[in-house]
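This is final.txt. It holds compact mmCIF, C-alpha atoms.
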```txt
# COMPACT_ATOMS: atom_id res chain seq x y z
CA MET A 71 -13.06 -12.57 -24.51
CA HIS A 72 -16.03 -14.19 -26.28
CA TRP A 73 -15.55 -17.90 -26.99
CA ARG A 74 -16.17 -17.43 -30.73
CA ILE A 75 -13.31 -14.92 -30.96
CA ARG A 76 -11.05 -17.29 -29.04
CA ALA A 77 -11.97 -20.11 -31.41
CA LEU A 78 -11.24 -17.91 -34.45
CA LEU A 79 -7.86 -16.88 -33.06
CA GLU A 80 -6.96 -20.49 -32.39
CA TYR A 81 -7.98 -21.39 -35.95
CA ILE A 82 -5.78 -18.73 -37.61
CA ARG A 83 -2.90 -18.79 -35.13
CA LYS A 84 -0.82 -21.47 -36.83
CA PRO A 85 -1.35 -20.26 -40.45
CA LEU A 86 -0.28 -16.74 -39.39
CA ALA A 87 2.84 -17.92 -37.55
CA PRO A 88 5.16 -17.58 -40.60
CA LEU A 89 3.94 -13.98 -40.99
CA LYS A 90 4.72 -13.05 -37.40
CA PRO A 91 7.77 -10.83 -38.21
CA VAL A 92 5.74 -8.79 -40.70
CA ILE A 93 2.71 -8.48 -38.42
CA GLU A 94 4.92 -7.53 -35.49
CA PHE A 95 6.70 -4.90 -37.60
CA PHE A 96 3.44 -3.13 -38.43
CA SER A 97 2.22 -3.53 -34.86
CA GLN A 98 5.37 -1.80 -33.63
CA ILE A 99 4.72 1.08 -36.04
CA GLU A 100 1.15 1.35 -34.79
CA CYS A 101 2.35 1.43 -31.17
CA LYS A 102 4.96 4.07 -31.96
CA VAL A 103 2.38 6.33 -33.59
CA ALA A 104 -0.14 5.77 -30.76
CA SER A 105 2.52 6.41 -28.11
CA ALA A 106 3.68 9.64 -29.77
CA TRP A 107 0.10 10.89 -30.08
CA SER A 108 -0.78 10.01 -26.49
CA ARG A 109 2.45 11.56 -25.16
CA SER A 110 1.77 14.78 -27.05
CA ALA A 111 -1.89 14.90 -25.94
CA HIS A 112 -1.01 14.44 -22.28
CA ARG A 113 1.75 17.05 -22.52
CA ARG A 114 -0.89 19.51 -23.75
CA LEU A 115 -3.24 18.45 -20.94
CA MET A 116 -0.51 19.11 -18.36
CA THR A 117 0.21 22.50 -19.92
CA VAL A 118 -3.45 23.48 -19.63
CA GLN A 119 -3.97 22.14 -16.11
CA TRP A 120 -0.74 23.48 -14.61
CA GLY A 121 0.08 26.40 -16.89
CA LEU A 122 -3.20 28.27 -16.58
CA PRO A 123 -4.54 29.58 -13.24
CA PRO A 124 -5.73 28.44 -10.83
CA GLN A 125 -3.15 25.79 -9.99
CA PRO A 126 -4.81 22.44 -9.15
CA GLU A 127 -4.35 20.65 -5.83
CA ASN A 128 -4.18 17.24 -7.47
CA PHE A 129 -2.65 15.52 -10.48
CA ASP A 130 -4.12 13.39 -13.26
CA HIS A 131 -1.73 10.45 -13.16
CA HIS A 132 -2.49 9.40 -16.70
CA ILE A 133 -0.19 12.35 -17.48
CA ASP A 134 2.53 10.51 -15.53
CA LEU A 135 1.74 7.26 -17.30
CA PHE A 136 1.80 8.58 -20.86
CA TYR A 137 4.07 11.63 -20.70
CA TRP A 138 5.73 12.97 -17.57
CA TRP A 139 7.41 9.75 -16.36
CA LEU A 140 8.97 9.27 -19.79
CA LYS A 141 10.31 12.82 -19.66
CA CYS A 142 11.54 13.11 -16.05
CA ARG A 143 12.52 9.44 -15.41
CA ASN A 144 11.45 9.82 -11.78
CA PRO A 145 9.67 6.68 -10.43
CA GLN A 146 8.34 8.46 -7.33
CA TRP A 147 4.75 8.48 -8.59
CA VAL A 148 4.84 4.68 -8.82
CA GLU A 149 6.54 4.28 -5.42
CA ARG A 150 3.49 5.75 -3.77
CA GLY A 151 1.18 3.02 -5.02
CA VAL A 152 3.68 0.20 -4.54
CA TYR A 153 4.56 1.11 -0.96
CA GLY A 154 0.90 1.65 -0.12
CA ALA A 155 -0.04 -1.76 -1.53
CA LEU A 156 2.62 -3.54 0.57
CA CYS A 157 0.43 -3.39 3.66
CA LEU A 158 -2.97 -4.25 2.14
CA LYS A 159 -4.82 -6.91 4.11
CA GLY A 160 -7.32 -7.91 1.44
CA GLY A 161 -10.30 -6.36 3.19
CA LYS A 162 -11.93 -2.94 3.24
CA VAL A 163 -9.84 0.09 2.28
CA LEU A 164 -10.53 3.80 2.76
CA GLU A 165 -8.40 6.19 0.73
CA LEU A 166 -8.40 9.76 2.02
CA CYS A 167 -7.93 12.57 -0.50
CA CYS A 168 -7.88 10.08 -3.37
CA GLY A 169 -7.56 12.70 -6.12
CA ASP A 170 -7.93 11.24 -9.60
CA GLY A 171 -8.28 7.69 -8.24
CA PHE A 172 -5.38 6.27 -10.25
CA ASN A 173 -3.82 4.55 -7.23
CA THR A 174 -7.25 3.61 -5.90
CA ARG A 175 -7.92 1.49 -8.95
CA ASN A 176 -4.47 0.41 -10.11
CA PHE A 177 -2.72 -0.33 -6.81
CA TYR A 178 -5.36 -1.02 -4.16
CA SER A 179 -8.50 -2.47 -5.75
CA LEU A 180 -7.21 -5.74 -7.20
CA THR A 181 -6.26 -7.30 -3.86
CA SER A 182 -8.93 -5.67 -1.67
CA GLU A 183 -12.56 -6.50 -0.99
CA THR A 184 -13.75 -2.92 -1.41
CA VAL A 185 -12.09 0.47 -1.75
CA ILE A 186 -13.74 3.80 -0.92
CA GLY A 187 -11.94 6.83 -2.29
CA CYS A 188 -12.94 10.22 -0.93
CA ASP A 189 -11.93 13.75 -1.91
CA PHE A 190 -13.30 17.24 -1.27
CA ASP A 191 -13.04 18.26 -4.95
CA PRO A 192 -16.10 17.30 -7.05
CA LEU A 193 -14.25 17.97 -10.32
CA ILE A 194 -11.41 15.55 -9.63
CA LEU A 195 -13.96 12.94 -8.54
CA LYS A 196 -15.54 13.20 -11.99
CA THR A 197 -12.12 12.37 -13.43
CA ALA A 198 -11.78 9.47 -10.99
CA ARG A 199 -15.15 7.99 -11.92
CA ARG A 200 -14.49 8.43 -15.64
CA LYS A 201 -10.90 7.17 -15.83
CA ASN A 202 -10.39 4.91 -12.82
CA HIS A 203 -13.61 3.08 -12.08
CA ALA A 204 -13.63 -0.59 -11.02
CA PRO A 205 -16.35 -2.97 -9.77
CA ASN A 206 -15.22 -2.84 -6.14
CA VAL A 207 -14.28 0.88 -6.09
CA SER A 208 -16.55 3.76 -5.12
CA PHE A 209 -15.78 7.46 -4.96
CA THR A 210 -17.46 9.91 -2.62
CA GLN A 211 -17.12 13.60 -1.90
CA ALA A 212 -15.95 14.40 1.63
CA ASP A 213 -13.89 17.00 3.46
CA ILE A 214 -12.07 14.73 5.91
CA ARG A 215 -11.72 17.56 8.43
CA ARG A 216 -15.50 17.45 8.90
CA SER A 217 -17.04 14.41 7.25
CA MET A 218 -14.68 11.44 6.96
CA PRO A 219 -16.59 8.38 5.69
CA GLU A 220 -17.82 6.14 8.47
CA GLY A 221 -17.00 2.47 8.77
CA SER A 222 -14.45 -0.04 9.98
CA PHE A 223 -11.46 -0.52 7.70
CA ASP A 224 -8.46 -2.83 7.42
CA ASN A 225 -6.42 -0.15 5.66
CA ILE A 226 -6.60 3.62 5.47
CA VAL A 227 -4.43 5.28 2.83
CA TRP A 228 -3.52 8.97 3.22
CA ASP A 229 -1.29 9.47 0.24
CA ALA A 230 0.24 12.77 -0.90
CA ALA A 231 -2.29 14.71 1.15
CA ILE A 232 -1.24 15.00 4.79
CA GLU A 233 0.81 18.07 3.81
CA HIS A 234 -2.40 19.88 2.77
CA PHE A 235 -3.44 20.23 6.43
CA THR A 236 -2.20 22.23 9.41
CA PRO A 237 -0.61 20.39 12.36
CA GLU A 238 -3.80 20.95 14.37
CA GLU A 239 -5.94 19.51 11.57
CA ILE A 240 -3.58 16.54 11.18
CA ASP A 241 -4.03 15.70 14.85
CA ASP A 242 -7.83 15.84 14.60
CA ILE A 243 -7.82 13.72 11.44
CA MET A 244 -5.53 11.19 13.10
CA LYS A 245 -8.10 10.68 15.86
CA ASN A 246 -10.75 9.90 13.26
CA ILE A 247 -8.41 7.55 11.40
CA LYS A 248 -7.72 5.68 14.64
CA ALA A 249 -11.45 5.38 15.35
CA ARG A 250 -12.09 3.81 11.92
CA LEU A 251 -9.20 1.34 11.80
CA ARG A 252 -9.72 -2.20 12.99
CA ALA A 253 -7.55 -3.49 15.83
CA ASP A 254 -4.59 -4.41 13.63
CA GLY A 255 -5.44 -2.06 10.76
CA ILE A 256 -2.75 -0.01 9.06
CA VAL A 257 -2.65 3.61 7.96
CA SER A 258 -0.11 4.33 5.24
CA GLY A 259 0.83 7.11 2.87
CA HIS A 260 3.33 9.50 1.40
CA THR A 261 4.37 13.11 1.81
CA VAL A 262 7.30 15.43 1.05
CA VAL A 263 10.10 17.15 2.93
CA GLU A 264 10.25 20.91 2.62
CA ARG A 265 12.99 22.41 0.47
CA GLU A 266 16.06 24.06 1.97
CA GLY A 267 15.23 27.39 3.51
CA GLY A 268 11.68 26.28 4.27
CA GLN A 269 10.45 26.84 0.72
CA LYS A 270 7.32 24.81 -0.07
CA GLN A 271 7.17 22.21 -2.82
CA LEU A 272 3.64 23.40 -3.66
CA THR A 273 1.88 26.59 -2.62
CA HIS A 274 -1.27 24.67 -1.60
CA HIS A 275 0.62 22.77 1.09
CA GLU A 276 -0.21 23.90 4.60
CA TYR A 277 2.63 22.07 6.34
CA GLU A 278 5.66 20.36 4.84
CA PHE A 279 7.78 18.17 7.06
CA LYS A 280 11.35 18.83 8.07
CA ASP A 281 12.46 15.19 8.21
CA LYS A 282 11.40 11.65 9.09
CA GLU A 283 11.09 12.34 12.81
CA ASP A 284 8.96 15.42 12.19
CA LEU A 285 6.43 13.23 10.37
CA ARG A 286 6.69 10.32 12.80
CA ARG A 287 5.71 12.43 15.80
CA PHE A 288 2.16 12.82 14.46
CA PHE A 289 1.59 9.05 14.58
CA THR A 290 3.31 7.94 17.79
CA PRO A 291 0.57 9.25 20.14
CA TYR A 292 -1.96 6.97 18.43
CA PHE A 293 -0.08 3.86 17.24
CA LYS A 294 2.33 1.42 18.84
CA ASN A 295 4.30 0.74 15.68
CA VAL A 296 5.36 3.50 13.27
CA LEU A 297 7.82 3.34 10.40
CA VAL A 298 8.92 6.23 8.18
CA ILE A 299 11.35 5.78 5.28
CA GLU A 300 12.64 8.22 2.68
CA THR A 301 13.59 8.29 -0.97
CA ILE A 302 15.54 11.20 -2.40
CA TYR A 303 15.56 12.40 -6.00
CA PRO A 304 16.64 15.66 -7.62
CA GLU A 305 14.06 18.29 -6.64
CA ARG A 306 12.06 15.84 -4.51
CA HIS A 307 12.56 14.36 -1.03
CA ASN A 308 9.84 11.82 -0.24
CA LEU A 309 8.64 10.28 3.01
CA TYR A 310 6.58 7.08 3.25
CA PHE A 311 4.84 5.98 6.44
CA TRP A 312 3.08 2.98 7.95
CA ALA A 313 1.44 3.00 11.39
CA SER A 314 -0.53 0.37 13.30
CA ASP A 315 -1.04 -1.33 16.64
CA GLY A 316 -0.27 -4.56 14.78
CA THR A 317 2.48 -5.63 12.39
CA ILE A 318 3.67 -3.18 9.74
CA PRO A 319 5.83 -3.74 6.63
CA PHE A 320 9.55 -4.42 7.10
CA SER A 321 9.17 -5.19 10.81
CA PRO A 322 10.07 -8.55 12.41
CA GLY A 323 7.06 -10.81 12.11
CA TRP A 324 5.75 -9.19 8.94
CA PRO A 325 4.19 -12.23 7.22
CA ARG A 326 5.31 -11.20 3.75
CA ALA A 327 8.99 -11.34 4.65
CA CYS A 328 11.46 -13.84 6.04
CA ASN A 329 13.73 -11.89 8.37
CA THR A 330 16.82 -13.38 9.94
CA TRP A 331 19.51 -11.49 11.83
CA THR A 332 22.57 -13.20 13.26
CA ALA A 333 24.18 -11.19 16.02
CA GLU A 334 27.96 -11.60 16.16
CA PRO A 335 29.17 -12.16 19.74
CA ALA A 336 31.00 -9.25 21.29
CA GLY A 337 34.72 -9.47 20.63
CA ALA A 338 34.38 -12.25 18.05
CA GLY A 339 35.90 -10.12 15.33
CA ASP A 340 38.94 -9.27 17.48
CA ALA A 341 39.40 -12.91 18.42
CA LEU A 342 39.29 -13.96 14.79
CA GLN A 343 41.90 -11.36 13.88
CA ARG A 344 44.16 -12.51 16.69
CA ALA A 345 43.82 -16.11 15.53
```
I need this file expressed as structure tokens, please.
Amino acid sequence: MHWRIRALLEYIRKPLAPLKPVIEFFSQIECKVASAWSRSAHRRLMTVQWGLPPQPENFDHHIDLFYWWLKCRNPQWVERGVYGALCLKGGKVLELCCGDGFNTRNFYSLTSETVIGCDFDPLILKTARRKNHAPNVSFTQADIRRSMPEGSFDNIVWDAAIEHFTPEEIDDIMKNIKARLRADGIVSGHTVVEREGGQKQLTHHEYEFKDKEDLRRFFTPYFKNVLVIETIYPERHNLYFWASDGTIPFSPGWPRACNTWTAEPAGAGDALQRA
């Protein structure tokens, strides 16, 4: 903020203090009107994007932010960014199939040196550049089956996209991910479990996973350490993964945690009961 504006605010701050309840009242009204308008506008945007053919392969997460999250109460869309950010090393990040770039900017860019987001869809990249630009973020068009961006990266994020590829394509992509990760780099991401009866969550998905182990098996040939966890909500069963030859989140030795386990000697419980 310009120093003159800061000086003006400091000058009027104390005289306005007695009027704070009145000013806050009108500010609350303004926010309520703005929120209602934004919620309605993003509901209409979702209706257009998902109600008219063809169905998109990605999602504008400003719809989540201003409308859908308030309606469905499902925090899954935020989990993806939070869990992905847990393993960031502060260096160079490559996000595969970045979509609208919401997570690229709002979860990965602040604590990273640079972030490259790539996607095959030129239209969604226009949305990403318009809505989710940042000084250290760049977006590039690439079909990762054929032209994954080159470089050496501390983190590679493959979020809500691995299910858009066949098992054979996943294996080929995994080789390219491995070749681009630094020695202790981490690949992380999110996907979904198929519905009961093998019904797909989305028609565009090439392969939806049966469970945690089904997803884990794609990483174990390439990485020493693999972790898959799940969260379950009505209508949605999510899987989150981290894989690396180094330390991964929630493992012993993860520098962002203090892990202590005390093993109880065998028979100690019985002895205590007898005593």
Checklist entry - Taking into account only C-alpha atoms, which residue in the set A:Asp224, A:Glu233, A:Glu276, A:Glu300 is nearest to Ser182 in chain A? => result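 The closest residue to Ser182 in chain A is A:Asp224.
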Checklist entry - So how far away is CA of Asn128 in chain A from CA of Lys196 in chain A, in Å? => result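 CA of Asn128 in chain A lies at a distance of 12.9 Å from CA of Lys196 in chain A.
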Item to check | Polymer residues at most 8 Å from Gly255 in chain A, only C-alpha atoms, same-chain spacing of 5 or more positions, as a PyMOL selection string | outcome: chain A and resi 223-226+314-316
Write out, as JSON lines, each residue of range 93-180 of chain A that has an atom at most 12 Å from range 234-244 of chain A, together with the closest pair of atoms and their distance in Å to one decimal, counting all atoms listed in the file, rows going by chain and rising number.
```
{"residue": "A:Glu127", "atom": "CA", "partner": "A:His234", "partner_atom": "CA", "distance": 8.9}
{"residue": "A:Asn128", "atom": "CA", "partner": "A:His234", "partner_atom": "CA", "distance": 10.7}
{"residue": "A:Leu166", "atom": "CA", "partner": "A:Ile243", "partner_atom": "CA", "distance": 10.2}
{"residue": "A:Cys167", "atom": "CA", "partner": "A:His234", "partner_atom": "CA", "distance": 9.7}
```
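The residue that comes closest to Ile256 in chain A, out of A:Thr197, A:Thr317, A:Thr273, A:Asn176 and on the basis of all atoms listed in the file, is A:Thr317.
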Checklist entry - Around (14.5, 23.5, 5.1) in the file's own coordinates, what residues are found within 10 Å if you use all atoms listed in the file, given back as a PyMOL selection string? => result chain A and resi 263-270+278-281
Checklist outcome for this item: The distance between CA of Gln271 in chain A and CA of Ala230 in chain A is 11.9 Å
Which residues of range 279-341 of chain A have any atom within 12 Å of an atom in range 135-142 of chain A when counting all atoms listed in the file, and what is the closest pair of atoms for each, with the distance in Å to one decimal? Order the rows by chain and rising number and write it as a tab-separated table.
```
residue	atom	partner	partner_atom	distance
A:Tyr303	CA	A:Cys142	CA	10.8
A:Pro304	CA	A:Cys142	CA	10.2
A:Glu305	CA	A:Cys142	CA	11.0
A:Arg306	CA	A:Cys142	CA	11.9
```
Checklist entry - Neighbours of Val227 in chain A within 7 Å (only C-alpha atoms; same-chain residues fewer than 4 positions away dropped), as a PyMOL selection string? => result chain A and resi 164-166+257-259
Checklist entry - Rounded to one decimal in Å, what is the spacing between CA of Val207 in chain A and CA of Asn173 in chain A? => result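 CA of Val207 in chain A sits 11.1 Å away from CA of Asn173 in chain A.
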Quick one: range 262-295 of chain A with N, CA and C atoms, as a compact mmCIF listing (two decimals), in the first residue's frame?
```txt
# COMPACT_ATOMS: atom_id res chain seq x y z
N VAL A 262 -9.30 -40.68 -7.25
CA VAL A 262 -10.55 -41.18 -6.67
C VAL A 262 -10.64 -42.70 -6.80
N VAL A 263 -11.45 -43.28 -5.92
CA VAL A 263 -11.77 -44.70 -5.99
C VAL A 263 -13.05 -44.85 -6.80
N GLU A 264 -13.09 -45.87 -7.64
CA GLU A 264 -14.28 -46.10 -8.44
C GLU A 264 -15.48 -46.41 -7.55
N ARG A 265 -16.68 -46.12 -8.04
CA ARG A 265 -17.89 -46.41 -7.29
C ARG A 265 -18.17 -47.91 -7.28
N GLU A 266 -19.06 -48.31 -6.40
CA GLU A 266 -19.43 -49.73 -6.33
C GLU A 266 -19.99 -50.18 -7.68
N GLY A 267 -19.61 -51.37 -8.06
CA GLY A 267 -20.05 -51.90 -9.35
C GLY A 267 -19.17 -51.45 -10.50
N GLY A 268 -18.07 -50.73 -10.17
CA GLY A 268 -17.15 -50.30 -11.23
C GLY A 268 -17.61 -49.08 -11.98
N GLN A 269 -18.64 -48.39 -11.50
CA GLN A 269 -19.14 -47.20 -12.18
C GLN A 269 -18.16 -46.05 -11.98
N LYS A 270 -17.86 -45.31 -13.05
CA LYS A 270 -16.88 -44.23 -12.99
C LYS A 270 -17.48 -42.98 -12.35
N GLN A 271 -16.60 -42.25 -11.64
CA GLN A 271 -17.00 -40.96 -11.08
C GLN A 271 -17.22 -39.93 -12.18
N LEU A 272 -16.42 -40.03 -13.26
CA LEU A 272 -16.50 -39.10 -14.38
C LEU A 272 -16.22 -39.86 -15.66
N THR A 273 -17.00 -39.58 -16.68
CA THR A 273 -16.89 -40.36 -17.92
C THR A 273 -15.53 -40.19 -18.59
N HIS A 274 -14.86 -39.06 -18.35
CA HIS A 274 -13.54 -38.82 -18.97
C HIS A 274 -12.44 -39.67 -18.35
N HIS A 275 -12.68 -40.26 -17.20
CA HIS A 275 -11.63 -41.02 -16.53
C HIS A 275 -11.35 -42.32 -17.28
N GLU A 276 -10.08 -42.55 -17.54
CA GLU A 276 -9.67 -43.79 -18.21
C GLU A 276 -9.57 -44.96 -17.24
N TYR A 277 -9.07 -44.67 -16.03
CA TYR A 277 -8.88 -45.75 -15.05
C TYR A 277 -9.09 -45.19 -13.65
N GLU A 278 -10.09 -45.71 -12.96
CA GLU A 278 -10.30 -45.35 -11.56
C GLU A 278 -9.88 -46.51 -10.68
N PHE A 279 -9.30 -46.18 -9.54
CA PHE A 279 -8.62 -47.17 -8.72
C PHE A 279 -9.59 -47.89 -7.79
N LYS A 280 -9.26 -49.14 -7.51
CA LYS A 280 -10.13 -49.96 -6.68
C LYS A 280 -9.94 -49.69 -5.19
N ASP A 281 -8.71 -49.36 -4.80
CA ASP A 281 -8.42 -49.09 -3.39
C ASP A 281 -7.01 -48.52 -3.28
N LYS A 282 -6.53 -48.38 -2.04
CA LYS A 282 -5.21 -47.79 -1.81
C LYS A 282 -4.10 -48.61 -2.44
N GLU A 283 -4.18 -49.92 -2.29
CA GLU A 283 -3.12 -50.78 -2.83
C GLU A 283 -3.09 -50.75 -4.35
N ASP A 284 -4.25 -50.63 -4.97
CA ASP A 284 -4.30 -50.55 -6.42
C ASP A 284 -3.55 -49.33 -6.92
N LEU A 285 -3.66 -48.22 -6.22
CA LEU A 285 -2.91 -47.02 -6.59
C LEU A 285 -1.43 -47.17 -6.25
N ARG A 286 -1.14 -47.71 -5.09
CA ARG A 286 0.24 -47.80 -4.62
C ARG A 286 1.13 -48.61 -5.56
N ARG A 287 0.56 -49.61 -6.19
CA ARG A 287 1.37 -50.51 -7.03
C ARG A 287 1.99 -49.80 -8.23
N PHE A 288 1.44 -48.66 -8.63
CA PHE A 288 2.02 -47.92 -9.75
C PHE A 288 3.29 -47.17 -9.35
N PHE A 289 3.49 -46.94 -8.06
CA PHE A 289 4.64 -46.17 -7.59
C PHE A 289 5.78 -47.04 -7.07
N THR A 290 5.46 -48.19 -6.51
CA THR A 290 6.48 -49.01 -5.86
C THR A 290 7.61 -49.47 -6.80
N PRO A 291 7.39 -49.66 -8.11
CA PRO A 291 8.54 -50.03 -8.95
C PRO A 291 9.56 -48.90 -9.11
N TYR A 292 9.20 -47.68 -8.77
CA TYR A 292 10.06 -46.53 -9.06
C TYR A 292 10.56 -45.81 -7.82
N PHE A 293 9.89 -46.00 -6.67
CA PHE A 293 10.24 -45.24 -5.48
C PHE A 293 10.35 -46.15 -4.26
N LYS A 294 11.32 -45.83 -3.39
CA LYS A 294 11.53 -46.63 -2.19
C LYS A 294 10.43 -46.42 -1.16
N ASN A 295 9.95 -45.21 -1.07
CA ASN A 295 8.96 -44.87 -0.03
C ASN A 295 7.68 -44.38 -0.68
```
